[in-house]
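Containing mmCIF, C-alpha atoms: data.cif.
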data_my_file
loop_
_atom_site.label_atom_id
_atom_site.label_comp_id
_atom_site.auth_asym_id
_atom_site.auth_seq_id
_atom_site.Cartn_x
_atom_site.Cartn_y
_atom_site.Cartn_z
CA GLY A 1 0.00 0.00 0.00
CA ASN A 2 0.90 3.67 -0.08
CA SER A 3 2.85 5.27 2.75
CA VAL A 4 4.64 8.52 3.58
CA THR A 5 7.46 8.90 6.08
CA GLN A 6 8.47 12.27 7.48
CA MET A 7 11.23 13.27 9.82
CA GLU A 8 10.08 13.53 13.40
CA GLY A 9 9.76 16.92 15.03
CA PRO A 10 9.75 19.27 16.53
CA VAL A 11 12.24 21.13 14.39
CA THR A 12 13.40 24.25 16.20
CA LEU A 13 15.20 26.96 14.24
CA SER A 14 16.18 30.57 14.67
CA GLU A 15 14.72 33.17 12.36
CA GLU A 16 16.47 33.33 8.96
CA ALA A 17 17.85 29.79 9.30
CA PHE A 18 17.66 27.27 6.44
CA LEU A 19 14.90 24.68 6.68
CA THR A 20 14.78 21.10 5.41
CA ILE A 21 12.00 18.68 6.29
CA ASN A 22 12.59 15.22 4.85
CA CYS A 23 9.82 13.21 3.22
CA THR A 24 10.04 9.82 1.51
CA TYR A 25 7.23 7.75 0.09
CA THR A 26 6.14 4.32 -1.09
CA ALA A 27 3.44 4.18 -3.72
CA THR A 28 2.10 2.22 -6.65
CA GLY A 29 2.47 3.83 -10.03
CA TYR A 30 3.29 7.52 -10.30
CA PRO A 31 1.84 9.49 -7.41
CA SER A 32 1.25 13.20 -7.15
CA LEU A 33 3.01 14.71 -4.13
CA PHE A 34 1.94 17.53 -1.83
CA TRP A 35 3.01 19.57 1.15
CA TYR A 36 0.25 20.90 3.40
CA VAL A 37 0.63 23.28 6.34
CA GLN A 38 -1.53 23.39 9.47
CA TYR A 39 -1.58 26.40 11.79
CA PRO A 40 -2.82 25.88 15.38
CA GLY A 41 -6.52 25.06 15.60
CA GLU A 42 -7.04 25.23 11.84
CA GLY A 43 -7.49 22.90 8.92
CA LEU A 44 -4.83 22.12 6.33
CA GLN A 45 -3.76 24.49 3.59
CA LEU A 46 -2.05 23.35 0.43
CA LEU A 47 1.49 24.71 0.37
CA LEU A 48 2.83 23.23 -2.86
CA LYS A 49 2.53 20.25 -5.17
CA ALA A 50 4.35 18.27 -7.86
CA THR A 51 2.70 15.85 -10.23
CA LYS A 52 5.58 14.14 -12.03
CA ALA A 53 9.23 13.27 -11.62
CA ASP A 54 11.67 16.22 -11.48
CA ASP A 55 8.86 18.73 -11.04
CA LYS A 56 9.62 21.44 -8.50
CA GLY A 57 6.74 22.85 -6.49
CA SER A 58 7.19 26.27 -4.90
CA ASN A 59 5.17 28.76 -2.89
CA LYS A 60 5.90 31.51 -0.31
CA GLY A 61 9.63 30.74 -0.45
CA PHE A 62 9.15 27.02 0.13
CA GLU A 63 10.32 24.51 -2.47
CA ALA A 64 10.23 20.74 -2.95
CA THR A 65 11.44 18.61 -5.87
CA TYR A 66 9.84 15.29 -6.87
CA ARG A 67 12.73 12.80 -6.90
CA LYS A 68 11.55 9.50 -8.33
CA GLU A 69 14.95 7.81 -8.05
CA THR A 70 15.09 8.39 -4.29
CA THR A 71 11.27 8.44 -3.77
CA SER A 72 11.63 11.71 -1.91
CA PHE A 73 9.94 15.12 -1.75
CA HIS A 74 11.91 17.13 0.79
CA LEU A 75 10.62 20.57 1.80
CA GLU A 76 13.12 23.46 1.90
CA LYS A 77 13.12 27.16 2.64
CA GLY A 78 16.15 29.38 2.56
CA SER A 79 15.22 31.74 5.39
CA VAL A 80 12.43 30.91 7.83
CA GLN A 81 10.30 33.42 9.71
CA VAL A 82 8.48 33.20 13.02
CA SER A 83 5.23 33.14 11.05
CA ASP A 84 6.30 29.84 9.44
CA SER A 85 5.81 28.06 12.78
CA ALA A 86 3.24 25.34 12.06
CA VAL A 87 2.89 21.63 11.39
CA TYR A 88 3.87 20.49 7.90
CA PHE A 89 2.43 17.37 6.29
CA CYS A 90 3.78 15.52 3.28
CA ALA A 91 1.11 13.63 1.35
CA LEU A 92 0.50 11.71 -1.86
CA ILE A 93 -2.26 10.53 -4.14
CA SER A 94 -1.64 7.51 -6.31
CA MET A 95 -3.88 7.69 -9.33
CA ASP A 96 -3.44 3.97 -10.00
CA THR A 97 -5.51 2.88 -7.05
CA GLY A 98 -8.76 4.55 -8.04
CA ARG A 99 -9.00 5.92 -4.55
CA ARG A 100 -8.38 9.62 -4.83
CA ALA A 101 -7.81 10.21 -1.13
CA LEU A 102 -4.58 11.55 0.29
CA THR A 103 -2.11 9.39 2.22
CA PHE A 104 -0.39 11.57 4.85
CA GLY A 105 2.84 11.46 6.75
CA SER A 106 2.66 11.97 10.50
CA GLY A 107 3.52 15.67 10.28
CA THR A 108 6.54 17.68 11.39
CA ARG A 109 6.16 20.57 13.80
CA LEU A 110 8.33 23.58 13.02
CA GLN A 111 9.09 26.13 15.72
CA VAL A 112 10.90 29.30 14.66
CA GLN A 113 12.35 31.46 17.39
CA PRO A 114 12.99 35.19 16.99
CA ASP B 1 -16.27 33.24 -1.02
CA GLY B 2 -16.09 29.56 -1.93
CA GLY B 3 -14.97 27.15 0.69
CA ILE B 4 -15.71 24.34 3.08
CA THR B 5 -17.63 24.95 6.28
CA GLN B 6 -17.45 22.52 9.17
CA SER B 7 -19.68 22.83 12.21
CA PRO B 8 -19.62 22.90 15.10
CA LYS B 9 -16.04 23.88 15.88
CA TYR B 10 -16.20 22.06 19.23
CA LEU B 11 -18.47 19.13 20.10
CA PHE B 12 -18.91 17.05 23.21
CA ARG B 13 -20.31 13.54 23.30
CA LYS B 14 -21.79 11.63 26.18
CA GLU B 15 -21.29 7.90 26.59
CA GLY B 16 -23.59 5.92 24.30
CA GLN B 17 -24.57 8.94 22.24
CA ASN B 18 -24.37 9.40 18.50
CA VAL B 19 -23.21 12.80 17.24
CA THR B 20 -23.18 14.26 13.74
CA LEU B 21 -20.53 16.55 12.31
CA SER B 22 -21.55 18.84 9.48
CA CYS B 23 -19.53 19.52 6.33
CA GLU B 24 -20.81 21.83 3.59
CA GLN B 25 -18.95 23.02 0.48
CA ASN B 26 -19.86 25.56 -2.18
CA LEU B 27 -16.93 24.78 -4.46
CA ASN B 28 -18.99 22.53 -6.74
CA HIS B 29 -16.60 19.66 -6.03
CA ASP B 30 -17.73 16.12 -6.77
CA ALA B 31 -15.51 14.38 -4.22
CA MET B 32 -15.63 14.79 -0.45
CA TYR B 33 -13.63 13.19 2.34
CA TRP B 34 -13.52 12.78 6.11
CA TYR B 35 -10.24 12.44 7.97
CA ARG B 36 -9.43 11.94 11.61
CA GLN B 37 -6.37 13.55 13.21
CA ASP B 38 -4.93 12.39 16.54
CA PRO B 39 -2.21 14.32 18.42
CA GLY B 40 1.22 13.83 16.89
CA GLN B 41 -0.17 11.78 14.04
CA GLY B 42 -1.06 12.33 10.45
CA LEU B 43 -4.55 12.25 9.06
CA ARG B 44 -6.34 8.97 8.55
CA LEU B 45 -9.15 8.49 6.08
CA ILE B 46 -12.56 7.58 7.52
CA TYR B 47 -14.89 7.74 4.50
CA TYR B 48 -14.90 9.30 1.06
CA SER B 49 -17.43 10.00 -1.64
CA GLN B 50 -16.61 10.50 -5.30
CA ILE B 51 -20.16 11.34 -6.32
CA VAL B 52 -23.61 11.99 -4.89
CA ASN B 53 -25.37 8.92 -3.44
CA ASP B 54 -22.16 6.93 -3.34
CA PHE B 55 -19.46 6.60 -0.67
CA GLN B 56 -16.67 4.24 0.27
CA LYS B 57 -15.02 3.17 3.49
CA GLY B 58 -11.58 4.49 4.21
CA ASP B 59 -8.95 3.01 6.50
CA ILE B 60 -10.74 3.52 9.84
CA ALA B 61 -14.49 3.44 9.06
CA GLU B 62 -15.58 1.30 12.02
CA GLY B 63 -17.85 3.23 14.38
CA TYR B 64 -18.63 5.94 11.81
CA SER B 65 -21.33 6.46 9.20
CA VAL B 66 -21.89 9.00 6.40
CA SER B 67 -24.44 10.04 3.82
CA ARG B 68 -24.14 11.93 0.55
CA GLU B 69 -27.63 12.98 -0.49
CA LYS B 70 -26.52 16.33 -1.89
CA LYS B 71 -23.39 17.37 -3.70
CA GLU B 72 -22.73 20.15 -1.20
CA SER B 73 -23.08 18.12 1.98
CA PHE B 74 -21.26 15.16 3.51
CA PRO B 75 -22.21 14.74 7.21
CA LEU B 76 -20.30 12.33 9.43
CA THR B 77 -21.98 10.50 12.33
CA VAL B 78 -19.79 9.25 15.14
CA THR B 79 -21.73 6.37 16.63
CA SER B 80 -21.60 4.89 20.12
CA ALA B 81 -19.70 1.99 18.58
CA GLN B 82 -16.68 4.25 18.16
CA LYS B 83 -14.94 3.66 21.49
CA ASN B 84 -12.25 6.27 21.15
CA PRO B 85 -13.87 9.21 19.36
CA THR B 86 -11.81 12.04 20.87
CA ALA B 87 -9.96 13.61 17.92
CA PHE B 88 -9.86 16.47 15.46
CA TYR B 89 -12.05 15.75 12.42
CA LEU B 90 -11.30 17.31 9.06
CA CYS B 91 -13.50 17.40 5.98
CA ALA B 92 -12.09 17.97 2.50
CA SER B 93 -13.32 18.21 -1.07
CA SER B 94 -11.78 18.16 -4.53
CA VAL B 95 -12.28 17.81 -8.25
CA PRO B 96 -10.56 14.87 -9.96
CA ASN B 97 -6.78 15.08 -10.09
CA GLN B 98 -6.64 18.35 -8.15
CA PRO B 99 -5.49 18.99 -4.59
CA GLN B 100 -8.00 18.69 -1.78
CA HIS B 101 -9.37 21.74 0.03
CA PHE B 102 -9.90 21.41 3.77
CA GLY B 103 -12.32 22.87 6.27
CA ASP B 104 -11.22 24.25 9.64
CA GLY B 105 -12.12 21.08 11.51
CA THR B 106 -14.31 19.95 14.41
CA ARG B 107 -12.78 18.97 17.73
CA LEU B 108 -14.75 16.17 19.39
CA SER B 109 -14.35 15.37 23.07
CA ILE B 110 -15.98 12.95 25.50
CA LEU B 111 -17.87 14.22 28.52
#

Would you kindly transcribe this structure into structure tokens?
Amino acid sequence: GNSVTQMEGPVTLSEEAFLTINCTYTATGYPSLFWYVQYPGEGLQLLLKATKADDKGSNKGFEATYRKETTSFHLEKGSVQVSDSAVYFCALISMDTGRRALTFGSGTRLQVQP
Amino acid sequence: DGGITQSPKYLFRKEGQNVTLSCEQNLNHDAMYWYRQDPGQGLRLIYYSQIVNDFQKGDIAEGYSVSREKKESFPLTVTSAQKNPTAFYLCASSVPNQPQHFGDGTRLSIL
């Protein structure tokens, strides 16, 4: 079956530090990959996506590249801000299964200190 | 504005009671989903519906029920058979091959 593995948190960084959150996956066929962000007490917001190998998704300074050879989709940001503090979820949809629901990683909490 | 509305934001259940969580969307999406989120864990799929009058069990459907009588609405009932219902419940919707949009969630607790 499909699965997503994320690095455990919390990740604690100082403002303007470089961020990497690792994500690897197992899936049938060629999945689409996503990063979602969850702020306290809220639902999930789509941060970025990539639908095929070597695609780079980007938004608000965050980037992730779909690496089929390493089955990875690591999230990066060059300079984090306090406002980036949230929980980040890596997720996939495998179109081969006919079930169009997301499979999520366990989430990584990011804490950015001023 | 288009979006997904979940209500109530907080809900309390007594022992042996069924409760229903509301999810309404005005995005004209065909597919709708219910997920459960436990502390420190990712989201797990409870039920999903690709089209009106049809729905499928997800990974943790036991103790839950749904209906999809209208395109806009996908209510979730947490039955008394669900022995550990305390969690954050998230509803989502999408069109085929596009990312899912999420509501702001309902937090369910046991009295």

Where does chain A meet chain B within 12 Å, residue by residue, with the nearest atom pair and distance in Å to one decimal for each, counting only C-alpha atoms, listed by chain and rising number, as JSON lines?
{"residue": "A:Gly1", "atom": "CA", "partner": "B:Asp59", "partner_atom": "CA", "distance": 11.5}
{"residue": "A:Asn2", "atom": "CA", "partner": "B:Asp59", "partner_atom": "CA", "distance": 11.9}
{"residue": "A:Ser3", "atom": "CA", "partner": "B:Gly42", "partner_atom": "CA", "distance": 11.2}
{"residue": "A:Val4", "atom": "CA", "partner": "B:Gly42", "partner_atom": "CA", "distance": 9.7}
{"residue": "A:Thr5", "atom": "CA", "partner": "B:Gly42", "partner_atom": "CA", "distance": 10.2}
{"residue": "A:Gln6", "atom": "CA", "partner": "B:Gly42", "partner_atom": "CA", "distance": 10.0}
{"residue": "A:Glu8", "atom": "CA", "partner": "B:Gly40", "partner_atom": "CA", "distance": 9.5}
{"residue": "A:Gly9", "atom": "CA", "partner": "B:Gly40", "partner_atom": "CA", "distance": 9.3}
{"residue": "A:Pro10", "atom": "CA", "partner": "B:Gly40", "partner_atom": "CA", "distance": 10.1}
{"residue": "A:Pro31", "atom": "CA", "partner": "B:Asn97", "partner_atom": "CA", "distance": 10.6}
{"residue": "A:Ser32", "atom": "CA", "partner": "B:Asn97", "partner_atom": "CA", "distance": 8.8}
{"residue": "A:Leu33", "atom": "CA", "partner": "B:Pro99", "partner_atom": "CA", "distance": 9.5}
{"residue": "A:Phe34", "atom": "CA", "partner": "B:Pro99", "partner_atom": "CA", "distance": 8.1}
{"residue": "A:Trp35", "atom": "CA", "partner": "B:Pro99", "partner_atom": "CA", "distance": 10.3}
{"residue": "A:Tyr36", "atom": "CA", "partner": "B:Gln100", "partner_atom": "CA", "distance": 10.0}
{"residue": "A:Val37", "atom": "CA", "partner": "B:Phe102", "partner_atom": "CA", "distance": 11.0}
{"residue": "A:Gln38", "atom": "CA", "partner": "B:Asp104", "partner_atom": "CA", "distance": 9.7}
{"residue": "A:Tyr39", "atom": "CA", "partner": "B:Asp104", "partner_atom": "CA", "distance": 10.1}
{"residue": "A:Pro40", "atom": "CA", "partner": "B:Asp104", "partner_atom": "CA", "distance": 10.3}
{"residue": "A:Gly41", "atom": "CA", "partner": "B:Asp104", "partner_atom": "CA", "distance": 7.6}
{"residue": "A:Glu42", "atom": "CA", "partner": "B:Asp104", "partner_atom": "CA", "distance": 4.8}
{"residue": "A:Gly43", "atom": "CA", "partner": "B:Asp104", "partner_atom": "CA", "distance": 4.0}
{"residue": "A:Leu44", "atom": "CA", "partner": "B:Phe102", "partner_atom": "CA", "distance": 5.7}
{"residue": "A:Gln45", "atom": "CA", "partner": "B:Phe102", "partner_atom": "CA", "distance": 6.9}
{"residue": "A:Leu46", "atom": "CA", "partner": "B:Pro99", "partner_atom": "CA", "distance": 7.5}
{"residue": "A:Leu47", "atom": "CA", "partner": "B:Pro99", "partner_atom": "CA", "distance": 10.3}
{"residue": "A:Leu48", "atom": "CA", "partner": "B:Pro99", "partner_atom": "CA", "distance": 9.5}
{"residue": "A:Lys49", "atom": "CA", "partner": "B:Pro99", "partner_atom": "CA", "distance": 8.1}
{"residue": "A:Ala50", "atom": "CA", "partner": "B:Pro99", "partner_atom": "CA", "distance": 10.4}
{"residue": "A:Thr51", "atom": "CA", "partner": "B:Asn97", "partner_atom": "CA", "distance": 9.5}
{"residue": "A:Val87", "atom": "CA", "partner": "B:Gly40", "partner_atom": "CA", "distance": 9.7}
{"residue": "A:Tyr88", "atom": "CA", "partner": "B:Gly42", "partner_atom": "CA", "distance": 9.9}
{"residue": "A:Phe89", "atom": "CA", "partner": "B:Gly42", "partner_atom": "CA", "distance": 7.4}
{"residue": "A:Cys90", "atom": "CA", "partner": "B:Gly42", "partner_atom": "CA", "distance": 9.2}
{"residue": "A:Ala91", "atom": "CA", "partner": "B:Gly42", "partner_atom": "CA", "distance": 9.4}
{"residue": "A:Leu92", "atom": "CA", "partner": "B:Pro99", "partner_atom": "CA", "distance": 9.8}
{"residue": "A:Ile93", "atom": "CA", "partner": "B:Asn97", "partner_atom": "CA", "distance": 8.7}
{"residue": "A:Ser94", "atom": "CA", "partner": "B:Asn97", "partner_atom": "CA", "distance": 9.9}
{"residue": "A:Met95", "atom": "CA", "partner": "B:Asn97", "partner_atom": "CA", "distance": 8.0}
{"residue": "A:Asp96", "atom": "CA", "partner": "B:Asn97", "partner_atom": "CA", "distance": 11.6}
{"residue": "A:Gly98", "atom": "CA", "partner": "B:Gln50", "partner_atom": "CA", "distance": 10.2}
{"residue": "A:Arg99", "atom": "CA", "partner": "B:Tyr48", "partner_atom": "CA", "distance": 8.8}
{"residue": "A:Arg100", "atom": "CA", "partner": "B:Pro96", "partner_atom": "CA", "distance": 7.7}
{"residue": "A:Ala101", "atom": "CA", "partner": "B:Tyr33", "partner_atom": "CA", "distance": 7.4}
{"residue": "A:Leu102", "atom": "CA", "partner": "B:Leu45", "partner_atom": "CA", "distance": 8.0}
{"residue": "A:Thr103", "atom": "CA", "partner": "B:Arg44", "partner_atom": "CA", "distance": 7.6}
{"residue": "A:Phe104", "atom": "CA", "partner": "B:Gly42", "partner_atom": "CA", "distance": 5.7}
{"residue": "A:Gly105", "atom": "CA", "partner": "B:Gly42", "partner_atom": "CA", "distance": 5.4}
{"residue": "A:Ser106", "atom": "CA", "partner": "B:Gly42", "partner_atom": "CA", "distance": 3.7}
{"residue": "A:Gly107", "atom": "CA", "partner": "B:Gly42", "partner_atom": "CA", "distance": 5.7}
{"residue": "A:Thr108", "atom": "CA", "partner": "B:Gly40", "partner_atom": "CA", "distance": 8.6}
{"residue": "A:Arg109", "atom": "CA", "partner": "B:Gly40", "partner_atom": "CA", "distance": 8.9}

Quick one: distance from atom CA of A:Gln113 to atom CA of A:Thr12 in Å, one decimal?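 That distance, rounded to one decimal, is 7.4 Å.
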
Can you tell me which residues surround B:Val19 at a distance of at most 9 Å, considering all atoms listed in the file, apart from same-chain residues fewer than 3 positions away, and format the answer as a list of chain:residue names?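 Residues meeting the cut-off are B:Leu11, B:Phe12, B:Arg13, B:Leu76, B:Thr77, B:Val78, B:Thr79, B:Ser80.
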
Expand the PyMOL selection byres ((chain A and resi 20) around 12) into the explicit residue set it covers here, and present it as an mmCIF file with C-alpha atoms, keeping the file's coordinate frame.
data_model
loop_
_atom_site.group_PDB
_atom_site.id
_atom_site.type_symbol
_atom_site.label_atom_id
_atom_site.label_comp_id
_atom_site.auth_asym_id
_atom_site.auth_seq_id
_atom_site.Cartn_x
_atom_site.Cartn_y
_atom_site.Cartn_z
ATOM 1 C CA GLN A 6 8.470 12.270 7.480
ATOM 2 C CA MET A 7 11.230 13.270 9.820
ATOM 3 C CA GLU A 8 10.080 13.530 13.400
ATOM 4 C CA GLY A 9 9.760 16.920 15.030
ATOM 5 C CA VAL A 11 12.240 21.130 14.390
ATOM 6 C CA THR A 12 13.400 24.250 16.200
ATOM 7 C CA LEU A 13 15.200 26.960 14.240
ATOM 8 C CA ALA A 17 17.850 29.790 9.300
ATOM 9 C CA PHE A 18 17.660 27.270 6.440
ATOM 10 C CA LEU A 19 14.900 24.680 6.680
ATOM 11 C CA ILE A 21 12.000 18.680 6.290
ATOM 12 C CA ASN A 22 12.590 15.220 4.850
ATOM 13 C CA CYS A 23 9.820 13.210 3.220
ATOM 14 C CA PHE A 62 9.150 27.020 0.130
ATOM 15 C CA GLU A 63 10.320 24.510 -2.470
ATOM 16 C CA ALA A 64 10.230 20.740 -2.950
ATOM 17 C CA PHE A 73 9.940 15.120 -1.750
ATOM 18 C CA HIS A 74 11.910 17.130 0.790
ATOM 19 C CA LEU A 75 10.620 20.570 1.800
ATOM 20 C CA GLU A 76 13.120 23.460 1.900
ATOM 21 C CA LYS A 77 13.120 27.160 2.640
ATOM 22 C CA GLY A 78 16.150 29.380 2.560
ATOM 23 C CA SER A 79 15.220 31.740 5.390
ATOM 24 C CA VAL A 80 12.430 30.910 7.830
ATOM 25 C CA TYR A 88 3.870 20.490 7.900
ATOM 26 C CA THR A 108 6.540 17.680 11.390
ATOM 27 C CA LEU A 110 8.330 23.580 13.020
#

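Between atom CA of A:Lys56 and atom CA of B:Asn28 the interatomic distance comes to 28.7 Å.
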
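For the pair atom CA of A:Thr71 and atom CA of A:Tyr25, the interatomic distance is 5.6 Å.
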
Determine, counting only C-alpha atoms, which protein, DNA and RNA residues have an atom within 8 Å of an atom of B:Thr86; residues of the same chain fewer than 5 positions away are not included. Present the result as a ChimeraX atom specification. /B:107-110

Residues from the last selection, C-alpha atoms, saved as a PDB file, keeping the file's coordinate frame:
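again34.pdb, written as the output of this step:
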ATOM      1  CA  ARG B 107     -12.780  18.970  17.730  1.00  0.00           C
ATOM      2  CA  LEU B 108     -14.750  16.170  19.390  1.00  0.00           C
ATOM      3  CA  SER B 109     -14.350  15.370  23.070  1.00  0.00           C
ATOM      4  CA  ILE B 110     -15.980  12.950  25.500  1.00  0.00           C
TER       5      ILE B 110
END

Exercise: B:Thr5 partners within 7 Å, all atoms listed in the file, chain neighbours under 5 positions left out, as a VMD selection string: chain B and resid 23 to 25 103
